[in-house]
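Participant: Okay, handing you the structure first.
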Amino acid sequence: MTQPNVHAVHRDWDRPFPIIVRTEGIFLYDADGREYIDGSGGSSVVTTIGHGVAEIAQAMYEQAQQFSFYPAHAFTNERFLELSDLVVSLAPGSLKDASRVWVTCTGTDATDDAVRLARQYWVERGRPSKYQIIGRWQGFHGNTISVAGFSGIVSRRRIFQPMYIDSPHIPPAFCYRCPFEKTYPECDLLCARALETTIRQQGPENVAAFIAEPVVGAALGVAPAPPGYFQRIREICDRNDVLFIADEVMTGWGRTGRLWGIDHWDTTPDIVATAKGMTAGYTPLAAIIARDSIWQVLQEHHSPFKAGHTLNANAVSCAGALAVIRYQQNHNLVENSRLRGEQVLAGLRRLMERHPIIGDARGLGLMFGLEFVRRRSTREPFPPVLGLSARIERSALKHGLVTYPCTGSLDGTLGDMTLMAPPLTISPSEVDQLLDLLDRAIADVEQELGQEIEA
Ligand SMILES: Cc1ncc(COP(=O)(O)O)c(C=O)c1O
């Protein structure tokens, strides 16, 4: 199977990594000829338009033939200009046609740049005490030391904890395990109101921005906020002069059945971070979209945005992003995400009837997940020693389905979820095929576990 290779470091020491040799649509093929459905959309929630679309490679090839790299401190490139125009024309809410775009390399760069912009804006506006970024527990915004500080994914924070800047966090909007042990809607959105309490505790004069994913991805196996949540967040931010940053790195570009995740709440953020689906994995590229009025403050103060990497706005990546976004529009993929998402959710609920270890099935569009529990009636999680979500992932892979395991999601050790996000091109029969493989993978794990399950 996989050739041992002592020089390449992979993401795990204790498992084989089959070599991928070909991809097409929702399918991946390894060197031994095995076929897999890309059920998690890469690692993860990336492959919006599916694999192997020739016109994307062609667009990037044509640009690469002209040039790829250029001295970005002194020049610009046409693909970057075209891409910015297109993105602003598609931006959420009142950002549409009233925002500007900064292009960088990865989702982590985008969230880092989003908080940099928030800070620089307040400094230039003459309010330099505003520096704090409030995040949410179980939020994930990327993998640098700075970004991990305002992320709240405990299992990934522990080792590096002494190196973080101390950022305040509020509890997540997570109805299946409400942090306040309330029920929606009687809770009157305590989870959103917690933001105002935290801003007051920190002092609004110290808080620059609040950052949140419209639908929590990697940390909670997909958890959409309840109706009204982000409207309430917006009001609180406005009342306290705090910018609202929507991390749409996973949820953007149709993934949730609307073009932007935040569209489900009819709310406009001040700054949007986007990546993954913007190039569907064909090339690294990410961006922030921010209100004109924010950039104007920097412009009026002749204060260039103090961010940027050597490969920002790479011309080949911009050509790839343009081709991906156009493909997505021409093939109505946002609508397909909505329709197939409904099909998936109905299918997952049927799986719940057969599999007692599924405690919850949830999602929006083609971003969906399962939470596994030892006893459904009490929602008791499995003991971490059983490695439940890793077992599901391995079992699914054996059946030819790639899923993304979320482990330790509740408190750093407890909590087993599976995150899924197949390409938005998936057909009704391919959804059935995916659900069938998932069904078989879960059945095998249930059999393995035997009396560990308490129905
Ligand atoms: C919501 C969210 N923000 C940011 C990131 C970081 O993106 P990247 O891995 O491209 O740096 C991720 C990655 O999974 C993510 O899920």
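Following the order of the structure tokens, chains are lettered A, B, ..., residues in each are numbered from 1, and ligands are numbered from 1.
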Residues contacting ligand 1 - anything with an atom at most 10 Å away, using only C-alpha atoms and all ligand atoms - can you give me those as JSON, numbers by chain?

Facilitator: {"A": [43, 44, 45, 46, 105, 106, 107, 108, 109, 110, 111, 112, 139, 140, 141, 142, 143, 144, 147, 148, 151, 212, 213, 214, 215, 216, 217, 218, 219, 246, 247, 248, 249, 250, 251, 252, 273, 274, 275, 276, 277, 281, 284, 285, 286]}

Participant: Would you mind listing what lies within 12 Å of Gln201 (chain A) as a PyMOL selection string, with only C-alpha atoms counted and same-chain residues fewer than 6 positions away left out?

Facilitator: chain A and resi 132+134+168-170+194-195+207

Participant: Using N, CA and C atoms, can you export the residues from the last selection as a short mmCIF file (atom, residue, chain, number, x, y, z; two decimals), in the first residue's frame?

Facilitator:
```
data_model
loop_
_atom_site.label_atom_id
_atom_site.label_comp_id
_atom_site.auth_asym_id
_atom_site.auth_seq_id
_atom_site.Cartn_x
_atom_site.Cartn_y
_atom_site.Cartn_z
N GLN A 132 -8.64 44.43 22.20
CA GLN A 132 -9.00 43.04 22.51
C GLN A 132 -9.91 42.42 21.44
N ILE A 134 -12.59 39.43 21.15
CA ILE A 134 -13.37 38.43 21.89
C ILE A 134 -13.74 37.30 20.92
N PRO A 168 -10.36 37.16 25.70
CA PRO A 168 -11.59 36.67 26.35
C PRO A 168 -12.40 35.80 25.38
N HIS A 169 -13.12 34.84 25.95
CA HIS A 169 -13.99 33.97 25.14
C HIS A 169 -15.37 33.94 25.76
N ILE A 170 -16.40 33.87 24.92
CA ILE A 170 -17.76 33.63 25.43
C ILE A 170 -18.17 32.20 25.04
N ALA A 194 -24.30 36.98 26.39
CA ALA A 194 -23.02 36.84 27.12
C ALA A 194 -21.95 37.76 26.53
N LEU A 195 -22.10 38.09 25.25
CA LEU A 195 -21.11 38.99 24.63
C LEU A 195 -21.13 40.36 25.31
N VAL A 207 -12.15 46.91 23.72
CA VAL A 207 -12.51 45.81 22.81
C VAL A 207 -12.56 46.29 21.36
#
```

Participant: Pick out the closest residue to Leu259 (chain A) from this set: A:Ile20, A:Ala319, A:Val6, A:Leu424. Count only C-alpha atoms.

Facilitator: A:Leu424

Participant: I'd like the contact shell of Val222 (chain A) - 12 Å cut-off, only C-alpha atoms, skipping same-chain residues fewer than 3 positions apart - returned as an MDAnalysis selection string.

Facilitator: chainID A and resid 40 44:45 138:140 172:176 213:219 225 250:251 255:256 360:371 404:406 409 416:421

Participant: So which one's closest to Gly408 (chain A), A:Ala209, A:Ile199, A:Val154, A:Leu437? Using only C-alpha atoms, please.

Facilitator: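 Distance minimum relative to Gly408 (chain A) lands on A:Val154.
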
Participant: With only C-alpha atoms as the atoms that count, which of A:Arg374, A:Arg200, A:Arg234, A:Arg291 lies nearest to Leu449 (chain A)?

Facilitator: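 Of all the options, A:Arg374 lies closest to Leu449 (chain A).
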
Participant: Residues at most 12 Å from Arg391 (chain A), counting only C-alpha atoms, excluding those fewer than 2 positions away in the same chain, as a VMD selection string?

Facilitator: chain A and resid 372 382 384 to 389 393 to 398 403 to 407 416 to 418 441 to 449

Participant: Which of region 47-93 of chain A end up as alpha helix (DSSP H) when DSSP is run on this backbone - answer as a PDB file with all heavy atoms, in the first residue's frame?

Facilitator:
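Everything below was put into result-v9.pdb:
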```pdb
ATOM      1  N   ALA A  54     -11.526  20.721 -15.481  1.00  0.00           N
ATOM      2  CA  ALA A  54     -10.425  21.072 -16.388  1.00  0.00           C
ATOM      3  C   ALA A  54     -10.308  22.582 -16.592  1.00  0.00           C
ATOM      4  O   ALA A  54      -9.200  23.115 -16.720  1.00  0.00           O
ATOM      5  CB  ALA A  54     -10.627  20.366 -17.727  1.00  0.00           C
ATOM      6  N   GLU A  55     -11.443  23.294 -16.603  1.00  0.00           N
ATOM      7  CA  GLU A  55     -11.346  24.726 -16.920  1.00  0.00           C
ATOM      8  C   GLU A  55     -10.622  25.525 -15.828  1.00  0.00           C
ATOM      9  O   GLU A  55     -10.103  26.605 -16.099  1.00  0.00           O
ATOM     10  CB  GLU A  55     -12.726  25.317 -17.228  1.00  0.00           C
ATOM     11  CG  GLU A  55     -13.684  25.319 -16.079  1.00  0.00           C
ATOM     12  CD  GLU A  55     -15.140  25.467 -16.561  1.00  0.00           C
ATOM     13  OE1 GLU A  55     -15.626  24.543 -17.245  1.00  0.00           O
ATOM     14  OE2 GLU A  55     -15.758  26.488 -16.237  1.00  0.00           O
ATOM     15  N   ILE A  56     -10.580  24.994 -14.615  1.00  0.00           N
ATOM     16  CA  ILE A  56      -9.848  25.710 -13.550  1.00  0.00           C
ATOM     17  C   ILE A  56      -8.347  25.580 -13.818  1.00  0.00           C
ATOM     18  O   ILE A  56      -7.599  26.572 -13.791  1.00  0.00           O
ATOM     19  CB  ILE A  56     -10.175  25.139 -12.146  1.00  0.00           C
ATOM     20  CG1 ILE A  56     -11.686  24.974 -11.936  1.00  0.00           C
ATOM     21  CG2 ILE A  56      -9.534  26.005 -11.052  1.00  0.00           C
ATOM     22  CD1 ILE A  56     -12.511  26.209 -12.086  1.00  0.00           C
ATOM     23  N   ALA A  57      -7.927  24.351 -14.108  1.00  0.00           N
ATOM     24  CA  ALA A  57      -6.505  24.124 -14.413  1.00  0.00           C
ATOM     25  C   ALA A  57      -6.097  24.961 -15.625  1.00  0.00           C
ATOM     26  O   ALA A  57      -5.022  25.566 -15.661  1.00  0.00           O
ATOM     27  CB  ALA A  57      -6.267  22.643 -14.674  1.00  0.00           C
ATOM     28  N   GLN A  58      -6.997  25.038 -16.607  1.00  0.00           N
ATOM     29  CA  GLN A  58      -6.705  25.791 -17.829  1.00  0.00           C
ATOM     30  C   GLN A  58      -6.523  27.281 -17.530  1.00  0.00           C
ATOM     31  O   GLN A  58      -5.579  27.919 -18.004  1.00  0.00           O
ATOM     32  CB  GLN A  58      -7.862  25.574 -18.831  1.00  0.00           C
ATOM     33  CG  GLN A  58      -7.663  26.210 -20.192  1.00  0.00           C
ATOM     34  CD  GLN A  58      -6.446  25.642 -20.933  1.00  0.00           C
ATOM     35  OE1 GLN A  58      -6.085  24.468 -20.744  1.00  0.00           O
ATOM     36  NE2 GLN A  58      -5.793  26.470 -21.744  1.00  0.00           N
ATOM     37  N   ALA A  59      -7.422  27.839 -16.709  1.00  0.00           N
ATOM     38  CA  ALA A  59      -7.340  29.274 -16.368  1.00  0.00           C
ATOM     39  C   ALA A  59      -6.019  29.555 -15.641  1.00  0.00           C
ATOM     40  O   ALA A  59      -5.355  30.577 -15.910  1.00  0.00           O
ATOM     41  CB  ALA A  59      -8.525  29.667 -15.483  1.00  0.00           C
ATOM     42  N   MET A  60      -5.624  28.655 -14.749  1.00  0.00           N
ATOM     43  CA  MET A  60      -4.376  28.872 -14.006  1.00  0.00           C
ATOM     44  C   MET A  60      -3.157  28.691 -14.931  1.00  0.00           C
ATOM     45  O   MET A  60      -2.182  29.437 -14.835  1.00  0.00           O
ATOM     46  CB  MET A  60      -4.316  27.909 -12.810  1.00  0.00           C
ATOM     47  CG  MET A  60      -5.349  28.287 -11.748  1.00  0.00           C
ATOM     48  SD  MET A  60      -5.554  27.049 -10.453  1.00  0.00           S
ATOM     49  CE  MET A  60      -3.937  27.002  -9.757  1.00  0.00           C
ATOM     50  N   TYR A  61      -3.276  27.736 -15.829  1.00  0.00           N
ATOM     51  CA  TYR A  61      -2.178  27.488 -16.785  1.00  0.00           C
ATOM     52  C   TYR A  61      -1.948  28.712 -17.671  1.00  0.00           C
ATOM     53  O   TYR A  61      -0.824  29.169 -17.872  1.00  0.00           O
ATOM     54  CB  TYR A  61      -2.537  26.263 -17.623  1.00  0.00           C
ATOM     55  CG  TYR A  61      -1.602  25.960 -18.763  1.00  0.00           C
ATOM     56  CD1 TYR A  61      -0.306  25.518 -18.522  1.00  0.00           C
ATOM     57  CD2 TYR A  61      -2.032  26.105 -20.082  1.00  0.00           C
ATOM     58  CE1 TYR A  61       0.553  25.246 -19.569  1.00  0.00           C
ATOM     59  CE2 TYR A  61      -1.180  25.833 -21.142  1.00  0.00           C
ATOM     60  CZ  TYR A  61       0.115  25.406 -20.882  1.00  0.00           C
ATOM     61  OH  TYR A  61       0.964  25.133 -21.921  1.00  0.00           O
ATOM     62  N   GLU A  62      -3.067  29.271 -18.165  1.00  0.00           N
ATOM     63  CA  GLU A  62      -2.945  30.446 -19.050  1.00  0.00           C
ATOM     64  C   GLU A  62      -2.290  31.617 -18.320  1.00  0.00           C
ATOM     65  O   GLU A  62      -1.448  32.320 -18.863  1.00  0.00           O
ATOM     66  CB  GLU A  62      -4.324  30.844 -19.593  1.00  0.00           C
ATOM     67  CG  GLU A  62      -4.761  29.922 -20.721  1.00  0.00           C
ATOM     68  CD  GLU A  62      -6.224  30.105 -21.125  1.00  0.00           C
ATOM     69  OE1 GLU A  62      -6.823  31.130 -20.755  1.00  0.00           O
ATOM     70  OE2 GLU A  62      -6.745  29.184 -21.795  1.00  0.00           O
ATOM     71  N   GLN A  63      -2.683  31.805 -17.058  1.00  0.00           N
ATOM     72  CA  GLN A  63      -2.078  32.893 -16.287  1.00  0.00           C
ATOM     73  C   GLN A  63      -0.596  32.591 -16.022  1.00  0.00           C
ATOM     74  O   GLN A  63       0.257  33.480 -16.170  1.00  0.00           O
ATOM     75  CB  GLN A  63      -2.821  33.107 -14.970  1.00  0.00           C
ATOM     76  CG  GLN A  63      -2.237  34.208 -14.106  1.00  0.00           C
ATOM     77  CD  GLN A  63      -2.171  35.547 -14.812  1.00  0.00           C
ATOM     78  OE1 GLN A  63      -3.131  35.985 -15.450  1.00  0.00           O
ATOM     79  NE2 GLN A  63      -1.017  36.218 -14.736  1.00  0.00           N
ATOM     80  N   ALA A  64      -0.295  31.338 -15.700  1.00  0.00           N
ATOM     81  CA  ALA A  64       1.104  30.975 -15.398  1.00  0.00           C
ATOM     82  C   ALA A  64       1.990  31.168 -16.623  1.00  0.00           C
ATOM     83  O   ALA A  64       3.171  31.499 -16.500  1.00  0.00           O
ATOM     84  CB  ALA A  64       1.172  29.533 -14.905  1.00  0.00           C
ATOM     85  N   GLN A  65       1.406  30.970 -17.822  1.00  0.00           N
ATOM     86  CA  GLN A  65       2.196  31.180 -19.030  1.00  0.00           C
ATOM     87  C   GLN A  65       2.573  32.658 -19.186  1.00  0.00           C
ATOM     88  O   GLN A  65       3.630  32.985 -19.705  1.00  0.00           O
ATOM     89  CB  GLN A  65       1.406  30.733 -20.246  1.00  0.00           C
ATOM     90  CG  GLN A  65       1.479  29.244 -20.472  1.00  0.00           C
ATOM     91  CD  GLN A  65       0.814  28.866 -21.768  1.00  0.00           C
ATOM     92  OE1 GLN A  65      -0.293  29.335 -22.050  1.00  0.00           O
ATOM     93  NE2 GLN A  65       1.458  28.054 -22.557  1.00  0.00           N
ATOM     94  N   GLN A  66       1.654  33.550 -18.752  1.00  0.00           N
ATOM     95  CA  GLN A  66       1.983  34.986 -18.829  1.00  0.00           C
ATOM     96  C   GLN A  66       2.972  35.344 -17.725  1.00  0.00           C
ATOM     97  O   GLN A  66       4.079  35.766 -17.972  1.00  0.00           O
ATOM     98  CB  GLN A  66       0.723  35.817 -18.652  1.00  0.00           C
ATOM     99  CG  GLN A  66      -0.154  35.874 -19.879  1.00  0.00           C
ATOM    100  CD  GLN A  66      -1.403  36.715 -19.591  1.00  0.00           C
ATOM    101  OE1 GLN A  66      -1.385  37.581 -18.728  1.00  0.00           O
ATOM    102  NE2 GLN A  66      -2.455  36.447 -20.312  1.00  0.00           N
ATOM    103  N   GLU A  78      -3.947  42.074 -13.163  1.00  0.00           N
ATOM    104  CA  GLU A  78      -5.341  42.179 -13.628  1.00  0.00           C
ATOM    105  C   GLU A  78      -6.270  41.172 -12.976  1.00  0.00           C
ATOM    106  O   GLU A  78      -7.428  41.460 -12.703  1.00  0.00           O
ATOM    107  CB  GLU A  78      -5.381  41.995 -15.147  1.00  0.00           C
ATOM    108  CG  GLU A  78      -5.116  43.270 -15.902  1.00  0.00           C
ATOM    109  CD  GLU A  78      -5.145  43.010 -17.388  1.00  0.00           C
ATOM    110  OE1 GLU A  78      -6.239  43.032 -17.969  1.00  0.00           O
ATOM    111  OE2 GLU A  78      -4.059  42.743 -17.945  1.00  0.00           O
ATOM    112  N   ARG A  79      -5.762  39.960 -12.729  1.00  0.00           N
ATOM    113  CA  ARG A  79      -6.630  38.934 -12.138  1.00  0.00           C
ATOM    114  C   ARG A  79      -7.058  39.352 -10.726  1.00  0.00           C
ATOM    115  O   ARG A  79      -8.172  39.105 -10.315  1.00  0.00           O
ATOM    116  CB  ARG A  79      -5.910  37.575 -12.058  1.00  0.00           C
ATOM    117  CG  ARG A  79      -5.451  36.975 -13.380  1.00  0.00           C
ATOM    118  CD  ARG A  79      -6.594  36.548 -14.271  1.00  0.00           C
ATOM    119  NE  ARG A  79      -7.051  37.608 -15.156  1.00  0.00           N
ATOM    120  CZ  ARG A  79      -6.431  38.026 -16.251  1.00  0.00           C
ATOM    121  NH1 ARG A  79      -5.300  37.493 -16.622  1.00  0.00           N
ATOM    122  NH2 ARG A  79      -6.933  38.998 -16.995  1.00  0.00           N
ATOM    123  N   PHE A  80      -6.165  39.982  -9.983  1.00  0.00           N
ATOM    124  CA  PHE A  80      -6.476  40.456  -8.634  1.00  0.00           C
ATOM    125  C   PHE A  80      -7.558  41.543  -8.716  1.00  0.00           C
ATOM    126  O   PHE A  80      -8.518  41.550  -7.927  1.00  0.00           O
ATOM    127  CB  PHE A  80      -5.185  40.979  -7.983  1.00  0.00           C
ATOM    128  CG  PHE A  80      -5.370  41.687  -6.666  1.00  0.00           C
ATOM    129  CD1 PHE A  80      -6.283  41.241  -5.727  1.00  0.00           C
ATOM    130  CD2 PHE A  80      -4.593  42.807  -6.360  1.00  0.00           C
ATOM    131  CE1 PHE A  80      -6.431  41.901  -4.504  1.00  0.00           C
ATOM    132  CE2 PHE A  80      -4.733  43.471  -5.143  1.00  0.00           C
ATOM    133  CZ  PHE A  80      -5.669  43.016  -4.223  1.00  0.00           C
ATOM    134  N   LEU A  81      -7.437  42.434  -9.698  1.00  0.00           N
ATOM    135  CA  LEU A  81      -8.434  43.511  -9.839  1.00  0.00           C
ATOM    136  C   LEU A  81      -9.802  42.919 -10.192  1.00  0.00           C
ATOM    137  O   LEU A  81     -10.825  43.266  -9.594  1.00  0.00           O
ATOM    138  CB  LEU A  81      -7.991  44.508 -10.918  1.00  0.00           C
ATOM    139  CG  LEU A  81      -6.615  45.155 -10.691  1.00  0.00           C
ATOM    140  CD1 LEU A  81      -6.263  46.094 -11.841  1.00  0.00           C
ATOM    141  CD2 LEU A  81      -6.575  45.904  -9.366  1.00  0.00           C
ATOM    142  N   GLU A  82      -9.799  41.987 -11.159  1.00  0.00           N
ATOM    143  CA  GLU A  82     -11.066  41.337 -11.575  1.00  0.00           C
ATOM    144  C   GLU A  82     -11.697  40.582 -10.408  1.00  0.00           C
ATOM    145  O   GLU A  82     -12.907  40.627 -10.185  1.00  0.00           O
ATOM    146  CB  GLU A  82     -10.770  40.273 -12.642  1.00  0.00           C
ATOM    147  CG  GLU A  82     -10.830  40.728 -14.068  1.00  0.00           C
ATOM    148  CD  GLU A  82     -10.457  39.540 -14.961  1.00  0.00           C
ATOM    149  OE1 GLU A  82     -11.329  38.709 -15.271  1.00  0.00           O
ATOM    150  OE2 GLU A  82      -9.267  39.436 -15.333  1.00  0.00           O
ATOM    151  N   LEU A  83     -10.835  39.872  -9.668  1.00  0.00           N
ATOM    152  CA  LEU A  83     -11.332  39.071  -8.551  1.00  0.00           C
ATOM    153  C   LEU A  83     -11.960  39.981  -7.487  1.00  0.00           C
ATOM    154  O   LEU A  83     -13.040  39.682  -6.954  1.00  0.00           O
ATOM    155  CB  LEU A  83     -10.184  38.247  -7.945  1.00  0.00           C
ATOM    156  CG  LEU A  83     -10.536  37.381  -6.735  1.00  0.00           C
ATOM    157  CD1 LEU A  83     -11.566  36.308  -7.115  1.00  0.00           C
ATOM    158  CD2 LEU A  83      -9.273  36.707  -6.161  1.00  0.00           C
ATOM    159  N   SER A  84     -11.312  41.091  -7.195  1.00  0.00           N
ATOM    160  CA  SER A  84     -11.842  42.004  -6.172  1.00  0.00           C
ATOM    161  C   SER A  84     -13.202  42.542  -6.601  1.00  0.00           C
ATOM    162  O   SER A  84     -14.145  42.603  -5.793  1.00  0.00           O
ATOM    163  CB  SER A  84     -10.872  43.157  -5.923  1.00  0.00           C
ATOM    164  OG  SER A  84      -9.622  42.637  -5.565  1.00  0.00           O
ATOM    165  N   ASP A  85     -13.324  42.923  -7.875  1.00  0.00           N
ATOM    166  CA  ASP A  85     -14.623  43.420  -8.376  1.00  0.00           C
ATOM    167  C   ASP A  85     -15.702  42.341  -8.209  1.00  0.00           C
ATOM    168  O   ASP A  85     -16.812  42.617  -7.756  1.00  0.00           O
ATOM    169  CB  ASP A  85     -14.531  43.784  -9.867  1.00  0.00           C
ATOM    170  CG  ASP A  85     -13.736  45.066 -10.101  1.00  0.00           C
ATOM    171  OD1 ASP A  85     -13.493  45.792  -9.110  1.00  0.00           O
ATOM    172  OD2 ASP A  85     -13.354  45.321 -11.259  1.00  0.00           O
ATOM    173  N   LEU A  86     -15.343  41.106  -8.593  1.00  0.00           N
ATOM    174  CA  LEU A  86     -16.333  40.026  -8.530  1.00  0.00           C
ATOM    175  C   LEU A  86     -16.748  39.752  -7.082  1.00  0.00           C
ATOM    176  O   LEU A  86     -17.942  39.613  -6.774  1.00  0.00           O
ATOM    177  CB  LEU A  86     -15.749  38.754  -9.174  1.00  0.00           C
ATOM    178  CG  LEU A  86     -16.661  37.539  -9.220  1.00  0.00           C
ATOM    179  CD1 LEU A  86     -17.936  37.820 -10.029  1.00  0.00           C
ATOM    180  CD2 LEU A  86     -15.927  36.332  -9.834  1.00  0.00           C
ATOM    181  N   VAL A  87     -15.769  39.699  -6.190  1.00  0.00           N
ATOM    182  CA  VAL A  87     -16.070  39.373  -4.787  1.00  0.00           C
ATOM    183  C   VAL A  87     -16.939  40.469  -4.164  1.00  0.00           C
ATOM    184  O   VAL A  87     -17.918  40.178  -3.467  1.00  0.00           O
ATOM    185  CB  VAL A  87     -14.762  39.153  -3.986  1.00  0.00           C
ATOM    186  CG1 VAL A  87     -15.037  39.072  -2.494  1.00  0.00           C
ATOM    187  CG2 VAL A  87     -14.061  37.887  -4.462  1.00  0.00           C
ATOM    188  N   VAL A  88     -16.607  41.726  -4.433  1.00  0.00           N
ATOM    189  CA  VAL A  88     -17.407  42.820  -3.851  1.00  0.00           C
ATOM    190  C   VAL A  88     -18.843  42.772  -4.396  1.00  0.00           C
ATOM    191  O   VAL A  88     -19.803  43.041  -3.672  1.00  0.00           O
ATOM    192  CB  VAL A  88     -16.723  44.183  -4.114  1.00  0.00           C
ATOM    193  CG1 VAL A  88     -17.675  45.339  -3.847  1.00  0.00           C
ATOM    194  CG2 VAL A  88     -15.480  44.311  -3.240  1.00  0.00           C
ATOM    195  N   SER A  89     -19.004  42.374  -5.652  1.00  0.00           N
ATOM    196  CA  SER A  89     -20.362  42.296  -6.215  1.00  0.00           C
ATOM    197  C   SER A  89     -21.169  41.158  -5.576  1.00  0.00           C
ATOM    198  O   SER A  89     -22.392  41.115  -5.691  1.00  0.00           O
ATOM    199  CB  SER A  89     -20.310  42.131  -7.737  1.00  0.00           C
ATOM    200  OG  SER A  89     -19.925  40.803  -8.055  1.00  0.00           O
ATOM    201  N   LEU A  90     -20.470  40.232  -4.912  1.00  0.00           N
ATOM    202  CA  LEU A  90     -21.155  39.085  -4.293  1.00  0.00           C
ATOM    203  C   LEU A  90     -21.117  39.133  -2.765  1.00  0.00           C
ATOM    204  O   LEU A  90     -21.568  38.196  -2.099  1.00  0.00           O
ATOM    205  CB  LEU A  90     -20.477  37.782  -4.756  1.00  0.00           C
ATOM    206  CG  LEU A  90     -20.542  37.479  -6.251  1.00  0.00           C
ATOM    207  CD1 LEU A  90     -19.612  36.320  -6.599  1.00  0.00           C
ATOM    208  CD2 LEU A  90     -21.968  37.171  -6.685  1.00  0.00           C
TER     209      LEU A  90
END
```

Participant: State, in Å with one decimal place, the distance from CA of Val402 (chain A) to CA of Leu438 (chain A).

Facilitator: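 Interatomic distance, CA of Val402 (chain A) to CA of Leu438 (chain A): 9.5 Å.
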
Participant: Determine which residues of region 142-284 of chain A receive a DSSP assignment of strand (DSSP E), computed from the backbone, and state them as number ranges by chain.

Facilitator: A: 169-170, 207-212, 215-216, 223-224, 243-247, 271-274
